[in-house]
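Colleague: You'll find entry.csv just under this line, and it carries CSV, C-alpha atoms.
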```csv
chain,number,residue,atom,x,y,z
A,1,MET,CA,45.5,25.3,21.5
A,2,THR,CA,44.6,22.9,18.7
A,3,ARG,CA,41.2,22.3,17.3
A,4,ARG,CA,39.6,18.9,17.7
A,5,ARG,CA,38.7,17.0,14.5
A,6,PRO,CA,35.2,15.5,14.4
A,7,ALA,CA,35.1,11.8,15.1
A,8,PRO,CA,35.0,9.6,12.0
A,9,ALA,CA,32.2,7.5,13.5
A,10,ARG,CA,30.0,10.6,13.8
A,11,THR,CA,30.6,11.6,10.2
A,12,ALA,CA,29.7,8.1,9.1
A,13,THR,CA,26.5,8.2,11.1
A,14,THR,CA,25.5,11.5,9.6
A,15,ALA,CA,26.0,10.1,6.1
A,16,ALA,CA,23.9,7.1,6.9
A,17,ASP,CA,21.1,9.3,8.2
A,18,ARG,CA,21.1,11.5,5.1
A,19,PRO,CA,17.8,10.9,3.3
A,20,SER,CA,17.9,9.1,0.0
A,21,SER,CA,17.3,10.9,-3.3
A,22,LEU,CA,15.4,7.9,-4.7
A,23,PRO,CA,11.9,8.8,-3.4
A,24,ARG,CA,12.2,12.4,-4.6
A,25,ASN,CA,13.2,11.2,-8.0
A,26,LEU,CA,10.4,8.7,-8.0
A,27,ALA,CA,7.9,11.4,-7.0
A,28,ILE,CA,9.0,13.7,-9.9
A,29,ALA,CA,8.9,10.9,-12.4
A,30,TYR,CA,5.5,9.6,-11.2
A,31,GLY,CA,4.1,13.2,-11.1
A,32,LEU,CA,5.1,13.7,-14.8
A,33,LEU,CA,3.4,10.5,-15.7
A,34,ILE,CA,0.2,11.7,-14.0
A,35,VAL,CA,0.4,15.0,-15.9
A,36,TYR,CA,0.6,13.3,-19.2
A,37,ALA,CA,-2.2,10.8,-18.4
A,38,CYS,CA,-4.6,13.6,-17.4
A,39,LEU,CA,-3.9,15.9,-20.3
A,40,HIS,CA,-3.5,13.3,-23.1
A,41,PRO,CA,-3.8,13.8,-26.1
A,42,PHE,CA,-2.9,17.5,-25.7
A,43,THR,CA,-5.0,18.6,-28.7
A,44,GLY,CA,-8.0,20.8,-29.3
A,45,TRP,CA,-7.2,23.4,-26.6
A,46,LYS,CA,-10.0,26.1,-26.4
A,47,ALA,CA,-11.8,28.1,-23.8
A,48,THR,CA,-15.4,26.9,-23.0
A,49,GLY,CA,-16.6,30.3,-21.7
A,50,LEU,CA,-17.7,28.8,-18.4
A,51,PRO,CA,-16.3,29.9,-15.0
A,52,LEU,CA,-12.9,28.3,-14.6
A,53,LEU,CA,-13.6,26.8,-11.1
A,54,ASP,CA,-17.3,26.0,-11.7
A,55,PHE,CA,-16.5,22.3,-11.5
A,56,LEU,CA,-15.8,22.6,-7.8
A,57,ILE,CA,-19.5,23.2,-7.0
A,58,ALA,CA,-20.9,20.8,-9.6
A,59,PRO,CA,-23.6,18.3,-8.3
A,60,TRP,CA,-23.1,14.6,-8.1
A,61,PRO,CA,-22.8,13.3,-11.7
A,62,LYS,CA,-25.8,11.6,-13.3
A,63,TYR,CA,-23.7,8.8,-14.7
A,64,PHE,CA,-21.2,7.5,-12.2
A,65,ILE,CA,-18.7,4.6,-12.8
A,66,PRO,CA,-17.4,3.2,-9.5
A,67,GLU,CA,-14.3,1.8,-11.3
A,68,ASP,CA,-13.3,5.4,-12.2
A,69,MET,CA,-13.2,6.4,-8.5
A,70,VAL,CA,-11.2,3.3,-7.6
A,71,PHE,CA,-8.8,4.0,-10.5
A,72,ASN,CA,-8.3,7.6,-9.3
A,73,ILE,CA,-7.6,6.6,-5.7
A,74,LEU,CA,-5.1,3.9,-6.8
A,75,GLY,CA,-3.5,6.3,-9.3
A,76,TYR,CA,-2.6,8.9,-6.6
A,77,LEU,CA,-1.8,6.4,-3.8
A,78,PRO,CA,1.8,5.7,-4.9
A,79,LEU,CA,2.4,9.5,-5.4
A,80,GLY,CA,1.3,10.2,-1.9
A,81,PHE,CA,3.6,7.5,-0.6
A,82,VAL,CA,6.8,8.6,-2.4
A,83,VAL,CA,6.1,12.3,-1.7
A,84,ALA,CA,5.8,11.5,2.0
A,85,ALA,CA,9.0,9.5,1.9
A,86,ALA,CA,10.8,12.4,0.2
A,87,LEU,CA,10.0,14.8,3.0
A,88,PRO,CA,12.4,15.3,6.0
A,89,ARG,CA,12.5,12.4,8.5
A,90,ALA,CA,12.6,14.7,11.5
A,91,TRP,CA,9.1,16.1,10.8
A,92,PRO,CA,6.2,14.8,12.8
A,93,ARG,CA,4.2,12.3,10.9
A,94,TRP,CA,1.0,14.4,10.9
A,95,LYS,CA,3.0,17.2,9.2
A,96,THR,CA,4.4,14.8,6.6
A,97,VAL,CA,1.0,13.4,5.8
A,98,ALA,CA,-0.6,16.9,5.7
A,99,LEU,CA,2.0,18.4,3.4
A,100,ALA,CA,2.3,15.4,1.1
A,101,THR,CA,-1.5,15.3,0.7
A,102,LEU,CA,-1.7,19.0,0.1
A,103,LEU,CA,1.0,18.8,-2.6
A,104,CYS,CA,-0.8,16.0,-4.4
A,105,ALA,CA,-4.2,17.7,-4.1
A,106,LEU,CA,-2.7,20.9,-5.6
A,107,LEU,CA,-1.4,18.9,-8.5
A,108,SER,CA,-4.8,17.2,-9.0
A,109,PHE,CA,-6.6,20.6,-8.7
A,110,SER,CA,-4.2,22.2,-11.3
A,111,LEU,CA,-4.8,19.4,-13.8
A,112,GLU,CA,-8.6,19.4,-13.3
A,113,THR,CA,-8.6,23.1,-13.9
A,114,ILE,CA,-6.5,22.8,-17.0
A,115,GLN,CA,-8.9,20.1,-18.3
A,116,ASN,CA,-11.4,22.9,-18.8
A,117,PHE,CA,-9.5,23.8,-21.9
A,118,LEU,CA,-9.5,20.2,-23.4
A,119,PRO,CA,-12.7,19.1,-25.2
A,120,THR,CA,-11.8,15.4,-24.6
A,121,ARG,CA,-11.6,15.9,-20.8
A,122,VAL,CA,-14.1,16.9,-18.1
A,123,ALA,CA,-13.0,18.7,-15.0
A,124,SER,CA,-14.6,16.9,-12.0
A,125,ASN,CA,-14.7,17.6,-8.3
A,126,LEU,CA,-15.4,13.9,-7.8
A,127,ASP,CA,-12.0,13.1,-9.5
A,128,LEU,CA,-10.3,15.7,-7.3
A,129,GLY,CA,-11.8,14.2,-4.2
A,130,ALA,CA,-10.8,10.7,-5.2
A,131,ASN,CA,-7.3,11.8,-6.1
A,132,THR,CA,-6.9,13.5,-2.8
A,133,ALA,CA,-8.2,10.5,-0.9
A,134,GLY,CA,-5.7,8.3,-2.7
A,135,ALA,CA,-2.9,10.7,-1.9
A,136,LEU,CA,-3.9,10.9,1.8
A,137,LEU,CA,-3.9,7.1,2.0
A,138,GLY,CA,-0.6,6.8,0.3
A,139,ALA,CA,0.9,9.6,2.5
A,140,ALA,CA,-0.2,7.9,5.6
A,141,PHE,CA,1.6,4.7,4.6
A,142,GLY,CA,4.6,6.7,3.4
A,143,ALA,CA,4.9,8.6,6.7
A,144,PHE,CA,5.2,5.3,8.6
A,145,LEU,CA,7.0,3.1,6.1
A,146,GLY,CA,8.7,5.5,3.6
A,147,HIS,CA,11.8,6.4,5.6
A,148,PRO,CA,12.5,2.8,6.9
A,149,LEU,CA,12.2,1.6,3.3
A,150,PHE,CA,14.1,4.3,1.4
A,151,ASP,CA,16.6,5.8,3.9
A,152,HIS,CA,20.3,4.7,3.8
A,153,SER,CA,19.7,2.4,6.8
A,154,GLY,CA,16.5,1.0,5.3
A,155,ALA,CA,16.2,-2.5,3.7
A,156,LEU,CA,15.5,-1.2,0.1
A,157,GLN,CA,18.3,1.4,0.2
A,158,ARG,CA,20.8,-1.2,1.7
A,159,TRP,CA,19.9,-3.5,-1.2
A,160,ARG,CA,20.3,-0.6,-3.7
A,161,ASN,CA,23.6,0.4,-2.3
A,162,GLU,CA,25.0,-3.1,-2.4
A,163,ARG,CA,23.7,-4.0,-5.8
A,164,ILE,CA,23.1,-0.9,-7.9
A,165,ILE,CA,25.5,1.9,-8.9
A,166,SER,CA,25.4,5.0,-6.8
A,167,GLY,CA,24.0,8.4,-7.3
A,168,HIS,CA,21.4,9.8,-9.7
A,169,THR,CA,22.7,7.5,-12.4
A,170,GLY,CA,21.5,4.4,-10.4
A,171,ASP,CA,18.2,6.1,-9.5
A,172,ALA,CA,17.6,6.9,-13.2
A,173,GLY,CA,18.2,3.3,-14.1
A,174,LEU,CA,15.7,2.0,-11.6
A,175,ILE,CA,13.1,4.5,-12.7
A,176,LEU,CA,13.8,3.4,-16.3
A,177,LEU,CA,13.2,-0.2,-15.4
A,178,GLY,CA,10.0,0.7,-13.6
A,179,LEU,CA,8.8,2.5,-16.8
A,180,TRP,CA,9.5,-0.6,-18.8
A,181,VAL,CA,7.2,-2.7,-16.6
A,182,LEU,CA,4.5,0.1,-16.9
A,183,GLY,CA,4.8,-0.1,-20.7
A,184,GLN,CA,4.0,-3.8,-20.6
A,185,LEU,CA,0.5,-3.0,-19.4
A,186,THR,CA,-0.3,-1.7,-22.9
A,187,PRO,CA,-3.2,-4.1,-23.8
A,188,ASP,CA,-2.9,-4.1,-27.6
A,189,ASP,CA,0.9,-4.9,-27.7
A,190,LEU,CA,3.0,-7.9,-28.2
A,191,LEU,CA,5.2,-9.4,-25.5
A,192,PHE,CA,8.1,-7.1,-24.8
A,193,GLY,CA,7.3,-5.2,-28.0
A,194,SER,CA,8.5,-1.7,-27.0
A,195,GLY,CA,9.6,1.1,-29.3
A,196,ASP,CA,6.6,1.1,-31.8
A,197,ILE,CA,6.7,4.6,-33.1
A,198,ARG,CA,4.4,3.7,-36.0
A,199,SER,CA,1.4,3.9,-33.7
A,200,LEU,CA,2.3,7.3,-32.5
A,201,PHE,CA,2.4,8.8,-36.0
A,202,GLY,CA,-0.2,6.6,-37.7
A,203,ILE,CA,2.3,5.0,-40.1
A,204,ALA,CA,1.1,1.8,-41.9
A,205,ALA,CA,3.1,-1.5,-41.5
A,206,PRO,CA,5.7,-1.9,-44.3
A,207,LEU,CA,5.1,-5.6,-44.6
A,208,ARG,CA,2.0,-7.6,-45.1
A,209,PHE,CA,0.9,-10.2,-42.6
A,210,ALA,CA,2.0,-13.8,-43.2
A,211,PRO,CA,1.9,-16.4,-40.3
A,212,GLU,CA,5.4,-17.7,-40.9
A,213,ARG,CA,6.9,-14.2,-41.3
A,214,PHE,CA,5.1,-12.9,-38.2
A,215,ILE,CA,6.3,-15.8,-36.0
A,216,ALA,CA,9.9,-15.3,-37.2
A,217,PHE,CA,9.7,-11.6,-36.4
A,218,GLU,CA,8.1,-12.1,-33.0
A,219,THR,CA,10.7,-14.8,-32.1
A,220,ALA,CA,13.6,-12.4,-33.0
A,221,LEU,CA,11.9,-9.5,-31.1
A,222,SER,CA,11.4,-11.5,-27.9
A,223,ALA,CA,14.9,-12.9,-28.0
A,224,THR,CA,16.7,-9.6,-28.6
A,225,THR,CA,14.6,-7.8,-26.0
A,226,ILE,CA,15.3,-10.3,-23.3
A,227,VAL,CA,19.1,-10.0,-24.1
A,228,ALA,CA,18.9,-6.2,-24.1
A,229,LEU,CA,17.0,-6.1,-20.8
A,230,GLY,CA,19.2,-8.5,-19.0
A,231,LEU,CA,22.4,-6.8,-20.1
A,232,LEU,CA,20.9,-3.4,-19.2
A,233,VAL,CA,20.3,-4.6,-15.7
A,234,ARG,CA,23.8,-6.1,-15.5
A,235,CYS,CA,25.4,-2.8,-16.6
A,236,MET,CA,23.6,-1.0,-13.7
A,237,MET,CA,24.8,-3.6,-11.1
A,238,ARG,CA,27.9,-3.4,-8.9
A,239,ARG,CA,28.4,-7.2,-9.1
A,240,PRO,CA,26.8,-10.0,-11.1
A,241,SER,CA,23.6,-11.6,-9.8
A,242,PRO,CA,20.8,-13.3,-11.8
A,243,TRP,CA,18.0,-12.4,-9.4
A,244,PRO,CA,17.3,-8.8,-10.5
A,245,VAL,CA,17.1,-9.9,-14.1
A,246,LEU,CA,14.7,-12.7,-13.3
A,247,VAL,CA,12.6,-10.4,-11.1
A,248,LEU,CA,12.4,-7.8,-13.9
A,249,ILE,CA,11.3,-10.3,-16.5
A,250,ALA,CA,8.8,-11.9,-14.1
A,251,LEU,CA,7.3,-8.4,-13.5
A,252,GLY,CA,7.1,-7.8,-17.2
A,253,ILE,CA,5.3,-11.1,-17.8
A,254,GLY,CA,3.0,-10.4,-14.9
A,255,ALA,CA,2.1,-7.0,-16.2
A,256,LYS,CA,1.4,-8.5,-19.7
A,257,ALA,CA,-0.8,-11.2,-18.1
A,258,LEU,CA,-2.7,-8.6,-16.1
A,259,ALA,CA,-3.3,-6.5,-19.2
A,260,THR,CA,-4.5,-9.6,-21.1
A,261,THR,CA,-6.8,-10.6,-18.4
A,262,THR,CA,-8.3,-7.2,-18.1
A,263,PHE,CA,-8.7,-6.2,-21.7
A,264,PHE,CA,-8.7,-9.4,-23.7
A,265,VAL,CA,-9.7,-12.8,-22.3
A,266,PRO,CA,-10.3,-12.8,-18.5
A,267,SER,CA,-10.1,-16.6,-18.4
A,268,ALA,CA,-6.8,-16.8,-20.3
A,269,PRO,CA,-4.1,-14.6,-18.8
A,270,LEU,CA,-1.4,-16.3,-20.9
A,271,ALA,CA,-3.1,-15.7,-24.3
A,272,TRP,CA,-0.1,-13.6,-25.3
A,273,LEU,CA,2.1,-16.6,-25.1
A,274,THR,CA,2.1,-17.2,-28.9
A,275,PRO,CA,4.6,-19.7,-30.6
A,276,GLY,CA,6.8,-16.8,-31.6
A,277,ALA,CA,6.9,-15.3,-28.0
A,278,GLU,CA,7.6,-18.8,-26.5
A,279,ARG,CA,10.4,-19.6,-28.9
A,280,GLY,CA,11.9,-16.1,-28.5
A,281,ALA,CA,11.9,-16.3,-24.7
A,282,LEU,CA,13.8,-19.6,-24.8
A,283,VAL,CA,16.3,-18.4,-27.4
A,284,GLY,CA,16.7,-15.1,-25.6
A,285,ALA,CA,17.3,-16.8,-22.2
A,286,ALA,CA,20.0,-19.0,-23.7
A,287,LEU,CA,21.7,-16.0,-25.4
A,288,LEU,CA,21.5,-13.9,-22.3
A,289,LEU,CA,23.0,-16.7,-20.2
A,290,GLY,CA,26.0,-16.8,-22.5
A,291,SER,CA,26.3,-13.0,-22.6
A,292,LEU,CA,26.6,-12.7,-18.8
A,293,ALA,CA,30.0,-14.4,-19.0
A,294,LEU,CA,31.4,-11.7,-21.3
A,295,PRO,CA,33.5,-8.6,-20.2
A,296,ARG,CA,31.5,-5.6,-19.0
A,297,VAL,CA,32.4,-3.4,-21.9
A,298,VAL,CA,31.2,-6.1,-24.4
A,299,GLN,CA,28.0,-6.5,-22.5
A,300,HIS,CA,27.4,-2.7,-22.7
A,301,ALA,CA,27.9,-2.8,-26.5
A,302,ILE,CA,25.6,-5.8,-26.9
A,303,ALA,CA,22.9,-4.2,-24.8
A,304,GLY,CA,22.8,-1.1,-27.1
A,305,THR,CA,23.0,-3.2,-30.3
A,306,THR,CA,20.1,-5.5,-29.2
A,307,LEU,CA,18.0,-2.5,-28.1
A,308,LEU,CA,18.4,-1.0,-31.6
A,309,ALA,CA,17.6,-4.4,-33.2
A,310,ALA,CA,14.5,-4.9,-31.1
A,311,THR,CA,13.3,-1.4,-31.9
A,312,ALA,CA,13.8,-1.9,-35.6
A,313,LEU,CA,12.0,-5.3,-35.5
A,314,VAL,CA,8.9,-4.0,-33.7
A,315,ASN,CA,8.5,-1.3,-36.3
A,316,LEU,CA,8.9,-3.8,-39.2
A,317,LEU,CA,6.4,-6.3,-37.7
A,318,PRO,CA,3.2,-6.7,-39.8
A,319,GLU,CA,-0.1,-5.8,-38.2
A,320,ASN,CA,-1.6,-8.8,-36.4
A,321,PRO,CA,-5.2,-9.3,-37.6
A,322,TYR,CA,-5.9,-11.6,-34.6
A,323,LEU,CA,-5.0,-9.0,-32.0
A,324,LEU,CA,-8.4,-7.8,-31.0
A,325,TYR,CA,-9.4,-6.4,-27.6
A,326,ASN,CA,-12.6,-5.5,-25.8
A,327,LEU,CA,-13.6,-2.2,-27.4
A,328,SER,CA,-16.0,-1.4,-24.5
A,329,PHE,CA,-13.1,-0.4,-22.4
A,330,THR,CA,-12.1,2.3,-24.8
A,331,ARG,CA,-15.3,4.2,-24.0
A,332,GLN,CA,-14.1,4.8,-20.4
A,333,SER,CA,-12.2,8.0,-19.9
A,334,ASN,CA,-9.8,6.4,-17.4
A,335,PHE,CA,-9.0,3.6,-19.9
A,336,LEU,CA,-8.1,6.3,-22.5
A,337,ASN,CA,-5.9,8.1,-20.0
A,338,PHE,CA,-4.2,4.9,-19.0
A,339,HIS,CA,-3.8,3.5,-22.5
A,340,GLY,CA,-2.4,6.8,-23.8
A,341,LEU,CA,0.2,6.8,-20.9
A,342,THR,CA,1.3,3.2,-21.3
A,343,GLN,CA,1.4,3.5,-25.1
A,344,LEU,CA,3.7,6.6,-24.9
A,345,VAL,CA,6.0,5.0,-22.3
A,346,ASP,CA,6.1,1.7,-24.3
A,347,SER,CA,6.9,3.6,-27.6
A,348,LEU,CA,9.6,5.9,-26.3
A,349,TRP,CA,11.2,3.5,-23.7
A,350,PRO,CA,14.0,2.0,-26.0
A,351,PHE,CA,15.2,5.5,-27.0
A,352,ALA,CA,15.4,6.5,-23.3
A,353,ALA,CA,17.2,3.3,-22.6
A,354,LEU,CA,19.7,4.0,-25.4
A,355,ALA,CA,20.4,7.5,-24.0
A,356,TYR,CA,20.8,6.0,-20.5
A,357,LEU,CA,23.3,3.4,-21.8
A,358,SER,CA,25.3,6.3,-23.3
A,359,ALA,CA,25.3,8.3,-20.1
A,360,LEU,CA,26.1,5.1,-18.2
A,361,GLY,CA,29.2,4.6,-20.3
A,362,LEU,CA,30.4,8.1,-19.6
A,363,TRP,CA,29.7,7.7,-15.9
A,364,ARG,CA,31.6,4.4,-15.8
A,365,GLY,CA,34.5,5.9,-17.7
A,366,GLN,CA,34.7,8.8,-15.4
A,367,HIS,CA,34.8,6.6,-12.3
A,368,LEU,CA,37.4,4.3,-13.8
A,369,ALA,CA,39.6,7.4,-14.5
A,370,GLU,CA,39.1,8.6,-10.9
A,371,GLU,CA,40.1,5.1,-9.5
A,372,ARG,CA,43.2,5.1,-11.7
A,373,ARG,CA,44.2,8.6,-10.5
A,374,ALA,CA,43.6,7.5,-6.9
A,375,THR,CA,45.8,4.4,-7.2
A,376,HIS,CA,48.6,6.4,-8.7
```
Let's see the structure in the file written out as structure tokens.

Modeller:
Amino acid sequence: MTRRRPAPARTATTAADRPSSLPRNLAIAYGLLIVYACLHPFTGWKATGLPLLDFLIAPWPKYFIPEDMVFNILGYLPLGFVVAAALPRAWPRWKTVALATLLCALLSFSLETIQNFLPTRVASNLDLGANTAGALLGAAFGAFLGHPLFDHSGALQRWRNERIISGHTGDAGLILLGLWVLGQLTPDDLLFGSGDIRSLFGIAAPLRFAPERFIAFETALSATTIVALGLLVRCMMRRPSPWPVLVLIALGIGAKALATTTFFVPSAPLAWLTPGAERGALVGAALLLGSLALPRVVQHAIAGTTLLAATALVNLLPENPYLLYNLSFTRQSNFLNFHGLTQLVDSLWPFAALAYLSALGLWRGQHLAEERRATH
């Protein structure tokens, strides 16, 4: 008596129903960002001598900023969504919402408790409640929309499978691009000016400000960054298409316009569009268009080279004396959290992108070797 082999169609169905790893990876990455934002700047640790959980029974604060509560709700809403999407699809929705909310609430509770040891932070039951409310709202959306969006049969996952390389390498690339967009929300930064490590270590600019010099540096910075971004996206894609590159650049411009509107001039969202940024965008678009016709291995090399060049340029740029922003926002704790987070992401992003390009080259070489072995 011979054993029956499982039907191929059933195996394919099982693979299609397997949950995607993207929401889990997004949840981990977003959770780490929240940890950094809540504990920034990680200095001055000391015990206050007060009961550790005394903040849970604290009365309503005397000075209350409604924007802080909205900020906390919106901050945890995406986390609740991706955590719910990462949980098993077979679970009842109420169980998914309950567990996702509980996990997010435990994270918020842990961070609020740790803030007792930071003199620049205040543990707050109001923040804990707002964070939990945001997580609950996000988990409710995630329980209904998360799996249809992220699963292998979902629209987003189908697009990802068709356009982006597979596995954790593709997920890491998508998260990296999302972090780049987040970094563009840094209010006191130039267009696409990522990689400024001077601000992290308090190093003075090596060159004095001169209008002509500044415009030339900003033009070169914008042009090289656009080329690097476009080719980075192209290296992640299975087949060429201009739309992901255009969408990414549009999101970056939108983020910069939002930061400008919020922290600089509410009536002028395009105040960042200086002559240098405008010229650099046009030059970069032309260079990128020509680079997209080159072989993949050459594109990979140019992406790394332009990333290095853009990082060097942003650290050589003179300080811009005209770059002033509304200092009243810096007195708000949530602005400090957000600014510290976006500044860190913006400063370290090119180095993470260079490491990713190296890993991507190894990944592509391994797959090419496997394909050659399979053909022979």

Colleague: Need the shell around segment 135-138 of chain A: protein/DNA/RNA residues with any atom at most 12 Å away, counting only C-alpha atoms. Skip same-chain ones fewer than 5 positions apart. Format as a ChimeraX atom specification?

Modeller: /A:27,31,72-85,94-108,128-130,143-146

Colleague: Between atom CA of Leu341 of chain A and atom CA of Phe201 of chain A, what is the spacing in Å?

Modeller: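 Rounded to one decimal, the two atoms are 15.4 Å apart.
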
Colleague: For atom CA of Arg279 of chain A and atom CA of Leu182 of chain A, determine how far apart the two atoms are, in Å to one decimal place.

Modeller: 23.8 Å

Colleague: What residues have an atom no more than 12 Å from (1.2, -16.2, -25.2) in the file's own frame, counting only C-alpha atoms, and can you write them as an MDAnalysis selection string?

Modeller: chainID A and resid 189:192 215 218:219 222 253:254 256:257 260:261 265 268:281 323

Colleague: State, in Å with one decimal place, the distance from atom CA of Arg121 of chain A to atom CA of Leu185 of chain A.

Modeller: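 That distance, rounded to one decimal, is 22.5 Å.
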
Colleague: Of the candidates A:Asp151, A:Asp171, A:Glu212, A:Asp54, which shows the shortest atom-to-atom distance to Arg89 of chain A, using all atoms listed in the file?

Modeller: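 Residue with the minimum atom-to-atom distance to Arg89 of chain A: A:Asp151.
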
Colleague: Just checking: using all atoms listed in the file, which residue out of A:Asn125, A:Thr225, A:Ala204, A:Leu26 ends up closest to Ile57 of chain A?

Modeller: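 Selected residue with least distance to Ile57 of chain A: A:Asn125.
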
Colleague: Excluding segment 164-167 of chain A and residues on its chain fewer than 2 positions from it, collect all residues at most 12 Å away from it, counting only C-alpha atoms, and give them as a ChimeraX atom specification.

Modeller: /A:20-22,25,152,156-162,169-174,232-241,244,360,363-364,367

Colleague: Please list as a list in words every residue within 8 Å of Trp45 of chain A, counting only C-alpha atoms and excluding residues in the same chain fewer than 3 positions away.

Modeller: Phe42, Phe117, Leu118 and Pro119 of chain A

Colleague: Could you pull segment 61-80 of chain A out of the structure just shown and give N, CA and C atoms as a CSV table (one decimal), in the first residue's frame?

Modeller:
```csv
chain,number,residue,atom,x,y,z
A,61,PRO,N,-3.6,66.6,36.4
A,61,PRO,CA,-2.6,67.7,36.4
A,61,PRO,C,-3.2,69.1,36.4
A,62,LYS,N,-2.5,70.0,37.1
A,62,LYS,CA,-2.9,71.4,37.2
A,62,LYS,C,-2.8,72.0,35.9
A,63,TYR,N,-1.7,71.8,35.1
A,63,TYR,CA,-1.5,72.3,33.8
A,63,TYR,C,-1.6,71.2,32.8
A,64,PHE,N,-2.6,71.3,31.9
A,64,PHE,CA,-2.9,70.3,31.0
A,64,PHE,C,-2.9,70.8,29.6
A,65,ILE,N,-2.1,70.2,28.7
A,65,ILE,CA,-2.0,70.6,27.3
A,65,ILE,C,-2.8,69.6,26.5
A,66,PRO,N,-3.9,69.9,25.9
A,66,PRO,CA,-4.7,69.0,25.1
A,66,PRO,C,-3.9,68.3,23.9
A,67,GLU,N,-3.0,69.1,23.4
A,67,GLU,CA,-2.2,68.6,22.2
A,67,GLU,C,-1.3,67.4,22.7
A,68,ASP,N,-0.9,67.4,24.0
A,68,ASP,CA,-0.1,66.3,24.4
A,68,ASP,C,-0.9,65.0,24.4
A,69,MET,N,-2.2,65.1,24.8
A,69,MET,CA,-3.0,63.9,24.8
A,69,MET,C,-3.2,63.4,23.4
A,70,VAL,N,-3.5,64.3,22.5
A,70,VAL,CA,-3.7,63.9,21.1
A,70,VAL,C,-2.5,63.3,20.5
A,71,PHE,N,-1.3,63.9,20.9
A,71,PHE,CA,0.0,63.3,20.4
A,71,PHE,C,0.2,61.9,20.9
A,72,ASN,N,-0.1,61.7,22.2
A,72,ASN,CA,0.1,60.3,22.8
A,72,ASN,C,-0.9,59.3,22.1
A,73,ILE,N,-2.1,59.7,21.9
A,73,ILE,CA,-3.1,58.8,21.2
A,73,ILE,C,-2.6,58.4,19.8
A,74,LEU,N,-2.2,59.5,19.1
A,74,LEU,CA,-1.8,59.2,17.7
A,74,LEU,C,-0.4,58.4,17.7
A,75,GLY,N,0.4,58.6,18.7
A,75,GLY,CA,1.7,57.9,18.7
A,75,GLY,C,1.5,56.4,18.9
A,76,TYR,N,0.5,56.0,19.6
A,76,TYR,CA,0.3,54.5,19.9
A,76,TYR,C,-0.7,53.9,18.9
A,77,LEU,N,-1.4,54.7,18.2
A,77,LEU,CA,-2.4,54.1,17.3
A,77,LEU,C,-1.7,53.2,16.2
A,78,PRO,N,-0.6,53.6,15.5
A,78,PRO,CA,0.0,52.7,14.6
A,78,PRO,C,0.5,51.4,15.2
A,79,LEU,N,1.1,51.6,16.5
A,79,LEU,CA,1.6,50.4,17.1
A,79,LEU,C,0.5,49.4,17.4
A,80,GLY,N,-0.7,49.8,17.9
A,80,GLY,CA,-1.8,48.9,18.1
A,80,GLY,C,-2.2,48.3,16.8
```
